[in-house]
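K.L.:
Before we start, here is the structure in question, set down as structure tokens.
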Amino acid sequence: MTATDDVVDALVRTTFEVAGVLTRIGGEHDLSLTQLRVLGILRDRRARITELAAYLGLDKSTMSGLIDRAQRRGLLTRGKNPEDGRVVEVFITPAGLELAERVGDDIRRALAPATGRLDPEQLDRLVNLLNVVSARSSRAHDAAEPTAEC
């Protein structure tokens with residue numbers, strides 16, 4: 001196996017482990033993995049349904065259905081863009097934010113055995129390397145892309 005194969009294998013194993021944690025914790029809060037991702041994305045921003053759909057790889061009608069279900073639960077709502085009243089955006093409600101924070105706490109606790117094995121320098125290095133792998137720089141991540149989910 002090459003070094004690249006080792007990296008791919010490690011990324012896939014880690015993705016499976018983290019996705020399993022997210023799926024389990026989402027289920028404990030009656031959220032699908034996609035709903036969990038939407039809450040994470042909208043924690044600190046407003047977005048158009050088409051933007052969310054594109055980022056999540058869903059079609060607009062599927063995304064609209066997800067938003068409708070979250071809206072019925074009081075987690076998300078729709079409203080006009082403050083700068084362009086013709087544009088409708090989706091944003092998180094206080095109840096949705098509270099749930100996202102609880103889920104985030106649960107995720108941190110569930111991943112603590114893995115992250116707790118790393119010292120602060122290793123944690124910083126891991127974050128930087130994962131940002132490179134996911135093609136995000138700190139500036140681009142803050143300005144244009146959704147935040148880490150929950």
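Identifiers in the structure tokens: chain A, B, ... in order shown; residue index from 1 per chain; ligand index from 1 in order shown.
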For the interface of range 13-54 of chain A with range 78-83 of chain A (cut-off 10 Å, counting only C-alpha atoms), please tabulate each contacting residue of range 13-54 of chain A alongside its nearest pair of atoms and their separation in Å to one decimal, rows sorted by chain and increasing number, as JSON lines.

P.N.:
{"residue": "A:Arg46", "atom": "CA", "partner": "A:Asn81", "partner_atom": "CA", "distance": 8.5}
{"residue": "A:Ala47", "atom": "CA", "partner": "A:Asn81", "partner_atom": "CA", "distance": 9.1}
{"residue": "A:Arg48", "atom": "CA", "partner": "A:Arg78", "partner_atom": "CA", "distance": 9.1}
{"residue": "A:Ile49", "atom": "CA", "partner": "A:Arg78", "partner_atom": "CA", "distance": 9.5}

K.L.:
Check range 55-123 of chain A with DSSP on the backbone and list each residue it calls strand (DSSP E), as a PyMOL selection string.

P.N.:
chain A and resi 76-80+88-92

K.L.:
Tell me which protein, DNA and RNA residues are within 10 Å of range 100-112 of chain A, counting only C-alpha atoms, leaving out same-chain ones fewer than 2 positions away, and put them as JSON, numbers by chain.

P.N.:
{"A": [17, 18, 21, 22, 24, 25, 26, 28, 29, 31, 36, 37, 38, 39, 40, 41, 42, 43, 75, 92, 94, 95, 96, 97, 98, 114, 115, 116, 117, 118, 149, 150]}

K.L.:
Just list the residues in chain A DSSP gives alpha helix (DSSP H) on the backbone, as JSON, numbers by chain.

P.N.:
{"A": [3, 4, 5, 6, 7, 8, 9, 10, 11, 12, 13, 14, 15, 16, 17, 18, 19, 20, 21, 22, 23, 24, 25, 26, 27, 28, 33, 34, 35, 36, 37, 38, 39, 40, 41, 42, 49, 50, 51, 52, 53, 54, 55, 56, 60, 61, 62, 63, 64, 65, 66, 67, 68, 69, 70, 71, 72, 94, 95, 96, 97, 98, 99, 100, 101, 102, 103, 104, 105, 106, 107, 108, 109, 110, 111, 112, 113, 114, 115, 120, 121, 122, 123, 124, 125, 126, 127, 128, 129, 130, 131, 132, 133, 138, 139, 140, 141, 142, 143, 144]}

K.L.:
Give me the residues within 8 Å of range 50-67 of chain A as a list of chain:residue names, counting only C-alpha atoms and dropping any in the same chain fewer than 2 places off.

P.N.:
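Skipping anything fewer than 2 positions along the chain leaves A:Thr34, A:Gln35, A:Val38, A:Ala47, A:Arg48, A:Arg69, A:Ala70, A:Gln71, A:Leu76, A:Thr77, A:Val90.
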
K.L.:
Would you save the residues from that selection as a PDB file, in the first residue's frame, using N, CA, C and O atoms?

P.N.:
ATOM      1  N   THR A  34     -28.999  14.287   7.435  1.00  0.00           N
ATOM      2  CA  THR A  34     -29.133  15.500   6.614  1.00  0.00           C
ATOM      3  C   THR A  34     -29.732  16.644   7.426  1.00  0.00           C
ATOM      4  O   THR A  34     -29.268  17.782   7.332  1.00  0.00           O
ATOM      5  N   GLN A  35     -30.740  16.368   8.244  1.00  0.00           N
ATOM      6  CA  GLN A  35     -31.320  17.419   9.089  1.00  0.00           C
ATOM      7  C   GLN A  35     -30.276  17.954  10.072  1.00  0.00           C
ATOM      8  O   GLN A  35     -30.211  19.152  10.321  1.00  0.00           O
ATOM      9  N   VAL A  38     -28.072  20.309   8.212  1.00  0.00           N
ATOM     10  CA  VAL A  38     -28.735  21.596   7.959  1.00  0.00           C
ATOM     11  C   VAL A  38     -28.684  22.475   9.205  1.00  0.00           C
ATOM     12  O   VAL A  38     -28.360  23.666   9.123  1.00  0.00           O
ATOM     13  N   ALA A  47     -29.492  31.129   4.706  1.00  0.00           N
ATOM     14  CA  ALA A  47     -29.151  30.616   3.378  1.00  0.00           C
ATOM     15  C   ALA A  47     -30.416  30.417   2.561  1.00  0.00           C
ATOM     16  O   ALA A  47     -31.502  30.187   3.109  1.00  0.00           O
ATOM     17  N   ARG A  48     -30.260  30.491   1.263  1.00  0.00           N
ATOM     18  CA  ARG A  48     -31.353  30.161   0.354  1.00  0.00           C
ATOM     19  C   ARG A  48     -31.474  28.643   0.285  1.00  0.00           C
ATOM     20  O   ARG A  48     -30.489  27.924   0.441  1.00  0.00           O
ATOM     21  N   ARG A  69     -40.401  20.164   7.136  1.00  0.00           N
ATOM     22  CA  ARG A  69     -40.504  19.319   8.331  1.00  0.00           C
ATOM     23  C   ARG A  69     -39.828  19.981   9.533  1.00  0.00           C
ATOM     24  O   ARG A  69     -40.359  19.969  10.650  1.00  0.00           O
ATOM     25  N   ALA A  70     -38.656  20.575   9.307  1.00  0.00           N
ATOM     26  CA  ALA A  70     -37.956  21.269  10.400  1.00  0.00           C
ATOM     27  C   ALA A  70     -38.748  22.489  10.848  1.00  0.00           C
ATOM     28  O   ALA A  70     -38.774  22.818  12.038  1.00  0.00           O
ATOM     29  N   GLN A  71     -39.403  23.158   9.910  1.00  0.00           N
ATOM     30  CA  GLN A  71     -40.209  24.327  10.256  1.00  0.00           C
ATOM     31  C   GLN A  71     -41.411  23.914  11.101  1.00  0.00           C
ATOM     32  O   GLN A  71     -41.748  24.582  12.084  1.00  0.00           O
ATOM     33  N   LEU A  76     -36.534  25.580  12.262  1.00  0.00           N
ATOM     34  CA  LEU A  76     -36.125  26.516  11.208  1.00  0.00           C
ATOM     35  C   LEU A  76     -37.326  27.342  10.800  1.00  0.00           C
ATOM     36  O   LEU A  76     -38.471  26.967  11.042  1.00  0.00           O
ATOM     37  N   THR A  77     -37.047  28.462  10.153  1.00  0.00           N
ATOM     38  CA  THR A  77     -38.123  29.261   9.579  1.00  0.00           C
ATOM     39  C   THR A  77     -37.597  29.924   8.311  1.00  0.00           C
ATOM     40  O   THR A  77     -36.407  29.892   8.022  1.00  0.00           O
ATOM     41  N   VAL A  90     -33.658  30.730   4.601  1.00  0.00           N
ATOM     42  CA  VAL A  90     -33.978  29.850   5.717  1.00  0.00           C
ATOM     43  C   VAL A  90     -33.021  30.196   6.841  1.00  0.00           C
ATOM     44  O   VAL A  90     -31.839  30.462   6.598  1.00  0.00           O
TER      45      VAL A  90
END
